[in-house]
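Visitor: If it helps, the file is called work-v3.csv and holds CSV, C-alpha atoms:
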```
chain,number,residue,atom,x,y,z
A,14,MET,CA,125.9,100.4,121.2
A,15,ASP,CA,125.6,97.6,123.8
A,16,GLN,CA,122.2,96.0,124.3
A,17,SER,CA,121.6,97.4,127.8
A,18,ARG,CA,122.1,100.9,126.6
A,19,LYS,CA,119.9,100.4,123.5
A,20,ALA,CA,117.2,98.9,125.8
A,21,LEU,CA,117.3,101.9,128.1
A,22,ILE,CA,117.0,104.3,125.2
A,23,GLY,CA,114.0,102.4,124.0
A,24,GLU,CA,112.4,102.6,127.4
A,25,LEU,CA,113.1,106.4,127.6
A,26,LEU,CA,111.6,107.0,124.2
A,27,GLY,CA,108.6,105.0,125.2
A,28,GLU,CA,108.1,107.1,128.3
A,29,PHE,CA,108.6,110.3,126.2
A,30,ALA,CA,106.1,109.2,123.6
A,31,GLY,CA,103.5,107.9,126.0
A,32,THR,CA,103.6,111.0,128.1
A,33,MET,CA,103.4,113.2,125.1
A,34,ILE,CA,100.2,111.3,123.9
A,35,LEU,CA,98.7,111.8,127.4
A,36,ILE,CA,99.3,115.5,127.4
A,37,LEU,CA,98.2,116.1,123.8
A,38,PHE,CA,94.7,114.8,124.8
A,39,GLY,CA,94.6,116.2,128.3
A,40,VAL,CA,95.9,119.7,127.8
A,41,GLY,CA,94.3,119.8,124.4
A,42,VAL,CA,90.8,119.2,125.8
A,43,VAL,CA,91.2,121.9,128.5
A,44,ALA,CA,92.3,124.3,125.8
A,45,GLN,CA,89.3,123.4,123.7
A,46,VAL,CA,86.9,123.9,126.7
A,47,VAL,CA,88.5,127.0,128.2
A,48,ALA,CA,89.6,128.9,125.0
A,49,GLY,CA,87.3,127.4,122.4
A,50,GLY,CA,84.1,127.2,124.5
A,51,LEU,CA,83.5,123.6,123.3
A,52,GLY,CA,82.8,121.0,126.0
A,53,ASN,CA,82.6,120.9,129.8
A,54,HIS,CA,84.1,119.2,132.8
A,55,ASP,CA,82.8,115.8,131.7
A,56,SER,CA,84.6,116.1,128.4
A,57,ILE,CA,87.8,117.1,130.2
A,58,ALA,CA,87.6,114.1,132.5
A,59,TRP,CA,86.9,111.7,129.7
A,60,ALA,CA,89.6,113.1,127.4
A,61,TRP,CA,92.2,112.8,130.2
A,62,GLY,CA,91.2,109.2,130.8
A,63,LEU,CA,91.4,108.4,127.1
A,64,GLY,CA,94.8,110.2,127.0
A,65,VAL,CA,96.0,107.9,129.8
A,66,THR,CA,94.7,104.8,128.0
A,67,LEU,CA,96.3,105.7,124.7
A,68,GLY,CA,99.5,106.7,126.3
A,69,VAL,CA,99.8,103.4,128.1
A,70,TYR,CA,99.0,101.5,125.0
A,71,THR,CA,101.8,103.5,123.3
A,72,ALA,CA,104.5,102.8,125.8
A,73,ALA,CA,103.5,99.6,127.7
A,74,ARG,CA,105.8,97.2,125.8
A,75,ALA,CA,108.7,99.6,125.6
A,76,SER,CA,108.9,100.9,129.1
A,77,GLY,CA,105.9,99.7,131.2
A,78,ALA,CA,104.2,103.1,130.6
A,79,HIS,CA,104.7,104.8,133.9
A,80,LEU,CA,104.1,108.3,132.3
A,81,ASN,CA,104.3,109.8,135.8
A,82,PRO,CA,107.4,110.5,138.0
A,83,ALA,CA,105.4,109.7,141.1
A,84,VAL,CA,104.5,106.2,139.7
A,85,THR,CA,108.1,105.6,138.8
A,86,LEU,CA,109.4,106.5,142.3
A,87,ALA,CA,106.7,104.4,144.0
A,88,LEU,CA,107.6,101.4,141.9
A,89,ALA,CA,111.2,101.9,142.9
A,90,VAL,CA,110.3,102.1,146.6
A,91,TRP,CA,107.9,99.2,146.7
A,92,LYS,CA,108.2,97.0,143.5
A,93,GLY,CA,111.9,96.8,142.8
A,94,PHE,CA,112.1,99.1,139.8
A,95,SER,CA,115.8,100.0,139.2
A,96,TRP,CA,116.8,103.2,141.1
A,97,LEU,CA,119.3,103.9,138.4
A,98,LYS,CA,116.4,104.4,135.9
A,99,VAL,CA,114.3,106.7,138.1
A,100,VAL,CA,115.9,110.0,137.1
A,101,PRO,CA,116.2,109.1,133.4
A,102,TYR,CA,112.5,108.1,133.4
A,103,TRP,CA,111.6,111.4,135.1
A,104,ILE,CA,113.5,113.4,132.4
A,105,ALA,CA,111.8,111.5,129.6
A,106,GLN,CA,108.4,112.1,131.2
A,107,PHE,CA,108.9,115.8,131.7
A,108,LEU,CA,110.2,116.3,128.2
A,109,GLY,CA,107.3,114.4,126.7
A,110,ALA,CA,104.8,116.6,128.6
A,111,PHE,CA,106.8,119.8,127.7
A,112,VAL,CA,106.8,119.1,124.0
A,113,ALA,CA,103.2,118.1,123.9
A,114,ALA,CA,102.2,121.3,125.7
A,115,LEU,CA,104.2,123.4,123.3
A,116,LEU,CA,102.2,121.8,120.4
A,117,VAL,CA,98.9,122.5,122.2
A,118,ARG,CA,100.1,126.1,122.8
A,119,TRP,CA,101.1,126.6,119.2
A,120,ASN,CA,97.9,125.1,117.8
A,121,TYR,CA,95.5,127.0,120.1
A,122,ASN,CA,97.5,130.3,119.9
A,123,GLU,CA,94.7,132.2,118.1
A,124,VAL,CA,91.9,131.3,120.4
A,125,LEU,CA,94.0,131.6,123.5
A,126,ALA,CA,94.9,135.2,122.4
A,127,GLN,CA,91.3,136.0,121.7
A,128,LYS,CA,90.1,134.7,125.1
A,129,ASP,CA,93.0,136.1,127.1
A,130,PRO,CA,95.2,138.6,125.2
A,131,ASN,CA,97.4,139.2,128.3
A,132,HIS,CA,98.0,135.5,129.1
A,133,THR,CA,96.7,135.6,132.6
A,134,LEU,CA,95.3,133.0,135.0
A,135,LYS,CA,92.1,133.2,132.9
A,136,THR,CA,93.7,130.7,130.6
A,137,GLN,CA,96.9,129.6,132.5
A,138,PHE,CA,95.0,126.7,133.9
A,139,VAL,CA,94.7,125.3,130.4
A,140,PHE,CA,98.3,124.1,131.0
A,141,SER,CA,98.8,123.7,134.7
A,142,THR,CA,96.7,123.4,137.8
A,143,LEU,CA,95.8,125.9,140.5
A,144,PRO,CA,94.4,125.6,144.0
A,145,GLY,CA,90.6,125.5,143.8
A,146,ASN,CA,90.9,125.7,140.0
A,147,GLY,CA,91.8,129.4,140.4
A,148,SER,CA,88.4,130.4,141.8
A,149,LEU,CA,87.4,128.4,144.9
A,150,PRO,CA,88.6,129.2,148.4
A,151,VAL,CA,91.5,126.7,148.5
A,152,HIS,CA,95.1,127.6,149.2
A,153,GLU,CA,98.3,125.8,148.6
A,154,TRP,CA,98.3,123.7,151.7
A,155,GLY,CA,94.7,122.5,150.9
A,156,ALA,CA,95.8,121.7,147.4
A,157,PHE,CA,98.9,119.9,148.8
A,158,ARG,CA,96.6,117.7,151.0
A,159,ASP,CA,94.4,117.0,148.0
A,160,GLN,CA,97.2,116.0,145.8
A,161,ILE,CA,98.6,113.5,148.4
A,162,ILE,CA,95.2,111.9,148.7
A,163,GLY,CA,94.4,111.9,145.0
A,164,THR,CA,97.7,110.4,144.0
A,165,ALA,CA,97.6,107.8,146.8
A,166,ILE,CA,94.2,106.7,145.4
A,167,LEU,CA,95.7,106.5,141.9
A,168,MET,CA,98.7,104.5,143.0
A,169,PHE,CA,96.8,102.2,145.3
A,170,LEU,CA,94.6,101.2,142.4
A,171,ILE,CA,97.3,101.0,139.8
A,172,VAL,CA,99.1,98.5,141.9
A,173,ALA,CA,95.8,96.6,142.5
A,174,ILE,CA,94.9,96.6,138.8
A,175,THR,CA,98.4,95.4,137.7
A,176,ASP,CA,99.0,92.9,140.6
A,177,LEU,CA,98.9,89.5,138.9
A,178,ARG,CA,98.3,87.8,142.2
A,179,ASN,CA,95.1,89.7,142.5
A,180,THR,CA,92.1,89.7,140.1
A,181,SER,CA,94.0,91.7,137.5
A,182,PRO,CA,92.5,92.4,134.0
A,183,ALA,CA,94.2,90.9,131.0
A,184,ALA,CA,97.3,92.8,129.8
A,185,ASN,CA,95.5,94.4,126.9
A,186,LEU,CA,92.6,95.6,129.1
A,187,ALA,CA,94.7,97.1,131.9
A,188,PRO,CA,95.4,100.4,130.1
A,189,LEU,CA,91.6,100.9,129.6
A,190,ILE,CA,90.9,100.2,133.3
A,191,ILE,CA,93.6,102.6,134.3
A,192,GLY,CA,92.2,105.2,132.0
A,193,LEU,CA,88.8,104.8,133.6
A,194,LEU,CA,90.4,105.1,137.0
A,195,VAL,CA,91.7,108.6,136.0
A,196,VAL,CA,88.2,109.5,134.7
A,197,GLY,CA,86.8,108.6,138.1
A,198,ILE,CA,89.5,110.6,139.9
A,199,GLY,CA,88.7,113.6,137.7
A,200,MET,CA,85.0,113.4,138.4
A,201,ALA,CA,85.5,112.9,142.2
A,202,TRP,CA,88.7,114.7,143.1
A,203,GLY,CA,89.0,117.6,140.7
A,204,THR,CA,87.8,120.5,142.9
A,205,ASP,CA,90.6,121.4,145.3
A,206,ALA,CA,93.6,121.2,142.9
A,207,GLY,CA,92.6,120.1,139.4
A,208,TYR,CA,93.7,116.5,139.9
A,209,ALA,CA,97.2,116.9,138.5
A,210,ILE,CA,98.3,113.7,140.4
A,211,ASN,CA,101.4,113.7,138.1
A,212,PRO,CA,104.4,116.0,138.4
A,213,ALA,CA,105.2,115.7,134.7
A,214,ARG,CA,101.6,116.4,133.7
A,215,ASP,CA,101.7,119.7,135.6
A,216,PHE,CA,105.3,121.0,135.5
A,217,GLY,CA,106.0,120.2,131.8
A,218,PRO,CA,103.0,122.2,130.5
A,219,ARG,CA,103.6,124.9,133.2
A,220,LEU,CA,107.1,125.4,131.9
A,221,ALA,CA,105.9,125.4,128.3
A,222,SER,CA,103.4,128.1,129.1
A,223,PHE,CA,106.0,130.1,131.1
A,224,PHE,CA,108.3,130.2,128.1
A,225,THR,CA,105.5,131.3,125.7
A,226,GLY,CA,104.0,134.3,127.4
A,227,TYR,CA,102.5,133.2,130.8
A,228,GLY,CA,104.9,135.1,133.1
A,229,GLY,CA,102.9,134.2,136.2
A,230,ALA,CA,102.8,130.5,135.5
A,231,MET,CA,104.7,129.5,138.6
A,232,ARG,CA,102.4,131.3,141.0
A,233,ASP,CA,98.8,130.8,142.0
A,234,GLN,CA,95.9,133.3,142.1
A,235,TYR,CA,97.1,134.5,145.5
A,236,GLY,CA,100.6,135.3,144.2
A,237,ASN,CA,102.2,132.4,146.1
A,238,LEU,CA,104.8,130.2,144.4
A,239,TYR,CA,102.8,127.2,143.6
A,240,PHE,CA,104.6,125.1,141.0
A,241,TRP,CA,106.1,122.8,143.7
A,242,VAL,CA,102.8,121.6,145.1
A,243,PRO,CA,101.9,119.3,142.1
A,244,ILE,CA,105.4,118.0,142.1
A,245,ILE,CA,106.1,117.2,145.8
A,246,ALA,CA,102.6,116.2,146.9
A,247,PRO,CA,102.0,113.5,144.2
A,248,ILE,CA,105.3,111.9,144.9
A,249,ILE,CA,104.4,111.6,148.6
A,250,GLY,CA,100.9,110.4,147.7
A,251,ALA,CA,102.2,107.7,145.3
A,252,VAL,CA,104.6,106.2,147.8
A,253,LEU,CA,101.9,106.2,150.5
A,254,GLY,CA,99.3,104.7,148.1
A,255,ALA,CA,101.5,101.8,147.0
A,256,GLY,CA,102.6,101.2,150.6
A,257,ALA,CA,98.9,101.2,151.7
A,258,TYR,CA,98.1,98.5,149.1
A,259,GLU,CA,101.0,96.3,150.2
A,260,ALA,CA,100.0,96.7,153.8
A,261,LEU,CA,96.2,96.2,153.4
A,262,VAL,CA,96.0,93.8,150.5
A,263,GLY,CA,99.3,92.7,148.9
A,264,ARG,CA,100.9,91.0,151.8
A,265,PHE,CA,97.8,88.8,152.3
A,266,LEU,CA,97.6,87.5,148.7
A,267,PRO,CA,98.9,84.0,147.8
A,268,ALA,CA,102.5,83.6,146.8
A,269,GLU,CA,103.2,84.2,143.1
A,270,ALA,CA,102.3,80.9,141.5
A,271,GLU,CA,103.4,81.9,138.1
A,272,ALA,CA,106.7,83.5,138.9
A,273,ASP,CA,108.0,83.1,135.4
A,274,GLU,CA,105.3,85.4,134.1
A,275,LEU,CA,105.9,88.1,136.7
A,276,PRO,CA,108.3,91.0,136.1
A,277,ALA,CA,111.8,90.9,137.4
A,278,GLU,CA,111.7,94.6,137.1
A,279,PRO,CA,108.6,96.7,136.8
A,280,GLY,CA,108.7,98.8,133.7
A,281,ARG,CA,109.8,96.1,131.3
A,282,VAL,CA,106.9,93.8,131.0
A,283,PRO,CA,103.9,94.5,128.7
A,284,SER,CA,101.6,92.3,130.8
A,285,GLU,CA,102.0,94.7,133.7
A,286,PRO,CA,101.6,98.3,132.5
A,287,THR,CA,101.6,101.0,135.2
A,288,ALA,CA,100.7,104.4,134.2
A,289,VAL,CA,99.9,108.0,134.9
```
Step by step, read the file and then write its structure as structure tokens.

Guide:
Amino acid sequence: MDQSRKALIGELLGEFAGTMILILFGVGVVAQVVAGGLGNHDSIAWAWGLGVTLGVYTAARASGAHLNPAVTLALAVWKGFSWLKVVPYWIAQFLGAFVAALLVRWNYNEVLAQKDPNHTLKTQFVFSTLPGNGSLPVHEWGAFRDQIIGTAILMFLIVAITDLRNTSPAANLAPLIIGLLVVGIGMAWGTDAGYAINPARDFGPRLASFFTGYGGAMRDQYGNLYFWVPIIAPIIGAVLGAGAYEALVGRFLPAEAEADELPAEPGRVPSEPTAV
């Protein structure tokens, strides 16, 4: 096996493992709150943030820890990440989320069945998001708007946090700061669409639930086909968010004084992890 192929396999396994860790904590905590009755919205926000932090620590050296197809695409558009790696990264991220959700589904099978024997929307949002979290008066286009804005905020700040020309944290602290960013988004932007802000985070678990008894997993509480909203809107939002950073901040920063320390290709350098 040549070195370039071996390196790519390592990157993809890193994305798979990091995304799996993220979902094990994120979907796991929602299952605990919804089906087990332990915890609340705050514990959900904090566990998602910790999942992000630990997922980034898992994969940062191997792949750059994108853990999010929207992040990967935005880095390709704005930061020179290889377009040839975009789809392989997406596949690894979706598979990591899918496998993790299956583990959560298996482990919480008894309490999910007790809470919701017919596997309805009552517990579907353990795995995937819904407009207005399934109960508030928000429809798919309101959720679409929300996901663009929320993911734009996420990506804007990921680029800010990891830009070595800016006041970036040290490499070993960046995952923690990005995790806190996700906690903040969960606490401020979780009402209209459950802050998926990550196509893999939503569609991987949605597919896992669909294959394990949740026949309505692709639709929302109004009966509309909804699965596409947390896929398309975050992709648009991430590209806009990274572009906004470049337009408002990045282009005015000093030239890269330490070029030898900066990544030739985002996604390969442990000092510049980009996640979720």

Visitor: Could you pull the residues within 9 Å of Ala87 of chain A, counting all atoms listed in the file, minus those fewer than 2 positions along the same chain, as a ChimeraX atom specification?

Guide: /A:82-85,89-92,94,168,248-249,251-256

Visitor: Tell me, as a PyMOL selection string, which residues lie within 7 Å of segment 219-226 of chain A, counting all atoms listed in the file; anything in the same chain fewer than 6 positions away does not count.

Guide: chain A and resi 111+114-115+132+140-141

Visitor: Only C-alpha atoms, please: the residues just picked out, written as a short mmCIF file (atom, residue, chain, number, x, y, z; two decimals), in the coordinates of the input.

Guide:
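Output (selection-v3.cif):
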```
data_model
loop_
_atom_site.label_atom_id
_atom_site.label_comp_id
_atom_site.auth_asym_id
_atom_site.auth_seq_id
_atom_site.Cartn_x
_atom_site.Cartn_y
_atom_site.Cartn_z
CA PHE A 111 106.80 119.80 127.70
CA ALA A 114 102.20 121.30 125.70
CA LEU A 115 104.20 123.40 123.30
CA HIS A 132 98.00 135.50 129.10
CA PHE A 140 98.30 124.10 131.00
CA SER A 141 98.80 123.70 134.70
#
```

Visitor: Neighbouring residues of Ala209 of chain A were defined as those with any atom within 12 Å, considering only C-alpha atoms; residues of the same chain fewer than 6 positions away were excluded. Please report them as number ranges by chain.

Guide: A: 36, 39-40, 58, 61, 81, 83, 138-144, 146, 156-157, 159-164, 167, 195, 198-199, 202-203, 215-219, 240-248, 250, 289

Visitor: Show me the residues close to (83.2, 118.9, 130.7) - anything with an atom within 12 Å, counting all atoms listed in the file - and format the list as a list in words.

Guide: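 Those residues lying close to the given coordinates are Gly39, Val42, Val43, Ala44, Gln45, Val46, Val47, Gly50, Leu51, Gly52, Asn53, His54, Asp55, Ser56, Ile57, Ala58, Trp59, Ala60, Trp61, Val196, Gly199, Met200 and Gly203 of chain A.
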
Visitor: Between atom CA of Tyr121 of chain A and atom CA of Leu63 of chain A, what is the spacing in Å?

Guide: 20.3 Å

Visitor: Expressed in Å to a single decimal, how great is the separation between atom CA of Met231 of chain A and atom CA of Leu35 of chain A?

Guide: 21.8 Å

Visitor: Excluding segment 20-27 of chain A and any residue of its chain fewer than 2 positions from it, enumerate the residues within 6 Å of it, using only C-alpha atoms, and give them as a compact mmCIF listing (two decimals) with C-alpha atoms, keeping the file's coordinate frame.

Guide:
```txt
# COMPACT_ATOMS: atom_id res chain seq x y z
CA GLN A 16 122.20 96.00 124.30
CA SER A 17 121.60 97.40 127.80
CA ARG A 18 122.10 100.90 126.60
CA PHE A 29 108.60 110.30 126.20
CA ALA A 30 106.10 109.20 123.60
CA GLY A 31 103.50 107.90 126.00
CA ALA A 72 104.50 102.80 125.80
CA ALA A 75 108.70 99.60 125.60
CA SER A 76 108.90 100.90 129.10
CA ALA A 105 111.80 111.50 129.60
```

Visitor: Using all atoms listed in the file, can you tell me which of A:Val100, A:Ser181, A:Ala165, A:Gly145 comes closest to Ala257 of chain A?

Guide: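 Of the candidates, the smallest distance to Ala257 of chain A is held by A:Ala165.
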
Visitor: Here is a test: counting only C-alpha atoms, which residue of A:Ile171, A:Gln137, A:Val124, A:Arg74 is nearest to Leu193 of chain A?

Guide: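 Counting only C-alpha atoms, the residue closest to Leu193 of chain A is A:Ile171.
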
Visitor: To one decimal place in Å, what is the distance between atom CA of Asn185 of chain A and atom CA of Ile166 of chain A?

Guide: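 Going from atom CA of Asn185 of chain A over to atom CA of Ile166 of chain A, I get 22.3 Å.
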
Visitor: Given the choices A:Leu186, A:Val99, A:Ala110, A:Val172, which gets closest to Thr32 of chain A if the distance is worked out from all atoms listed in the file?

Guide: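 Nearest candidate to Thr32 of chain A out of A:Leu186, A:Val99, A:Ala110, A:Val172: A:Ala110.
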
Visitor: Measuring atom to atom with all atoms listed in the file, identify which of A:Leu97, A:Ala126, A:Leu86, A:Leu177 is nearest to Pro267 of chain A.

Guide: A:Leu177

Visitor: Between A:Glu259, A:Asp205, A:Asp15, A:Asp233, which has the minimum distance to Arg158 of chain A (counting all atoms listed in the file)?

Guide: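 Looking at the shortest contact to Arg158 of chain A, the residue is A:Asp205.
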
Visitor: Where atoms are missing, can you supply N, CA and C atoms for segment 144-178 of chain A and output the lot as an mmCIF file, keeping the file's coordinate frame?

Guide:
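Full text of selection.cif as output:
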```cif
data_model
loop_
_atom_site.group_PDB
_atom_site.id
_atom_site.type_symbol
_atom_site.label_atom_id
_atom_site.label_comp_id
_atom_site.auth_asym_id
_atom_site.auth_seq_id
_atom_site.Cartn_x
_atom_site.Cartn_y
_atom_site.Cartn_z
ATOM 1 N N PRO A 144 95.221 125.947 142.877
ATOM 2 C CA PRO A 144 94.400 125.600 144.000
ATOM 3 C C PRO A 144 92.941 126.057 143.792
ATOM 4 N N GLY A 145 91.990 125.170 144.047
ATOM 5 C CA GLY A 145 90.600 125.500 143.800
ATOM 6 C C GLY A 145 90.288 125.872 142.389
ATOM 7 N N ASN A 146 91.102 125.375 141.446
ATOM 8 C CA ASN A 146 90.900 125.700 140.000
ATOM 9 C C ASN A 146 90.943 127.190 139.748
ATOM 10 N N GLY A 147 91.624 127.929 140.619
ATOM 11 C CA GLY A 147 91.800 129.400 140.400
ATOM 12 C C GLY A 147 90.667 130.228 140.892
ATOM 13 N N SER A 148 89.583 129.617 141.414
ATOM 14 C CA SER A 148 88.400 130.400 141.800
ATOM 15 C C SER A 148 87.823 130.070 143.148
ATOM 16 N N LEU A 149 88.014 128.858 143.604
ATOM 17 C CA LEU A 149 87.400 128.400 144.900
ATOM 18 C C LEU A 149 88.343 128.710 146.040
ATOM 19 N N PRO A 150 87.815 128.791 147.260
ATOM 20 C CA PRO A 150 88.600 129.200 148.400
ATOM 21 C C PRO A 150 89.522 128.094 148.959
ATOM 22 N N VAL A 151 90.471 127.677 148.141
ATOM 23 C CA VAL A 151 91.500 126.700 148.500
ATOM 24 C C VAL A 151 92.835 127.292 148.341
ATOM 25 N N HIS A 152 93.717 127.115 149.318
ATOM 26 C CA HIS A 152 95.100 127.600 149.200
ATOM 27 C C HIS A 152 96.065 126.497 149.008
ATOM 28 N N GLU A 153 97.352 126.832 148.961
ATOM 29 C CA GLU A 153 98.300 125.800 148.600
ATOM 30 C C GLU A 153 98.395 124.619 149.466
ATOM 31 N N TRP A 154 98.170 124.815 150.772
ATOM 32 C CA TRP A 154 98.300 123.700 151.700
ATOM 33 C C TRP A 154 97.033 122.769 151.559
ATOM 34 N N GLY A 155 95.880 123.350 151.242
ATOM 35 C CA GLY A 155 94.700 122.500 150.900
ATOM 36 C C GLY A 155 94.930 121.730 149.679
ATOM 37 N N ALA A 156 95.527 122.366 148.680
ATOM 38 C CA ALA A 156 95.800 121.700 147.400
ATOM 39 C C ALA A 156 96.896 120.601 147.654
ATOM 40 N N PHE A 157 97.864 120.874 148.521
ATOM 41 C CA PHE A 157 98.900 119.900 148.800
ATOM 42 C C PHE A 157 98.281 118.647 149.446
ATOM 43 N N ARG A 158 97.370 118.835 150.395
ATOM 44 C CA ARG A 158 96.600 117.700 151.000
ATOM 45 C C ARG A 158 95.883 116.929 149.929
ATOM 46 N N ASP A 159 95.177 117.658 149.074
ATOM 47 C CA ASP A 159 94.400 117.000 148.000
ATOM 48 C C ASP A 159 95.219 116.192 147.096
ATOM 49 N N GLN A 160 96.386 116.681 146.725
ATOM 50 C CA GLN A 160 97.200 116.000 145.800
ATOM 51 C C GLN A 160 97.859 114.713 146.407
ATOM 52 N N ILE A 161 98.125 114.759 147.689
ATOM 53 C CA ILE A 161 98.600 113.500 148.400
ATOM 54 C C ILE A 161 97.502 112.489 148.336
ATOM 55 N N ILE A 162 96.285 112.884 148.702
ATOM 56 C CA ILE A 162 95.200 111.900 148.700
ATOM 57 C C ILE A 162 94.863 111.394 147.353
ATOM 58 N N GLY A 163 94.722 112.302 146.380
ATOM 59 C CA GLY A 163 94.400 111.900 145.000
ATOM 60 C C GLY A 163 95.379 110.957 144.406
ATOM 61 N N THR A 164 96.664 111.246 144.594
ATOM 62 C CA THR A 164 97.700 110.400 144.000
ATOM 63 C C THR A 164 97.821 109.084 144.748
ATOM 64 N N ALA A 165 97.560 109.102 146.054
ATOM 65 C CA ALA A 165 97.600 107.800 146.800
ATOM 66 C C ALA A 165 96.455 106.919 146.295
ATOM 67 N N ILE A 166 95.278 107.482 146.010
ATOM 68 C CA ILE A 166 94.200 106.700 145.400
ATOM 69 C C ILE A 166 94.629 106.107 144.076
ATOM 70 N N LEU A 167 95.200 106.973 143.249
ATOM 71 C CA LEU A 167 95.700 106.500 141.900
ATOM 72 C C LEU A 167 96.657 105.389 142.041
ATOM 73 N N MET A 168 97.674 105.544 142.885
ATOM 74 C CA MET A 168 98.700 104.500 143.000
ATOM 75 C C MET A 168 98.243 103.260 143.613
ATOM 76 N N PHE A 169 97.425 103.385 144.644
ATOM 77 C CA PHE A 169 96.800 102.200 145.300
ATOM 78 C C PHE A 169 96.137 101.332 144.240
ATOM 79 N N LEU A 170 95.345 101.972 143.388
ATOM 80 C CA LEU A 170 94.600 101.200 142.400
ATOM 81 C C LEU A 170 95.354 100.775 141.211
ATOM 82 N N ILE A 171 96.383 101.533 140.835
ATOM 83 C CA ILE A 171 97.300 101.000 139.800
ATOM 84 C C ILE A 171 97.921 99.735 140.204
ATOM 85 N N VAL A 172 98.428 99.702 141.428
ATOM 86 C CA VAL A 172 99.100 98.500 141.900
ATOM 87 C C VAL A 172 98.032 97.345 142.002
ATOM 88 N N ALA A 173 96.823 97.659 142.453
ATOM 89 C CA ALA A 173 95.800 96.600 142.500
ATOM 90 C C ALA A 173 95.439 96.091 141.140
ATOM 91 N N ILE A 174 95.309 96.987 140.172
ATOM 92 C CA ILE A 174 94.900 96.600 138.800
ATOM 93 C C ILE A 174 96.002 95.740 138.158
ATOM 94 N N THR A 175 97.266 96.043 138.435
ATOM 95 C CA THR A 175 98.400 95.400 137.700
ATOM 96 C C THR A 175 98.982 94.227 138.542
ATOM 97 N N ASP A 176 98.464 93.942 139.729
ATOM 98 C CA ASP A 176 99.000 92.900 140.600
ATOM 99 C C ASP A 176 98.470 91.523 140.045
ATOM 100 N N LEU A 177 99.338 90.728 139.450
ATOM 101 C CA LEU A 177 98.900 89.500 138.900
ATOM 102 C C LEU A 177 98.490 88.445 139.900
ATOM 103 N N ARG A 178 98.799 88.676 141.153
ATOM 104 C CA ARG A 178 98.300 87.800 142.200
ATOM 105 C C ARG A 178 96.877 88.083 142.575
#
```
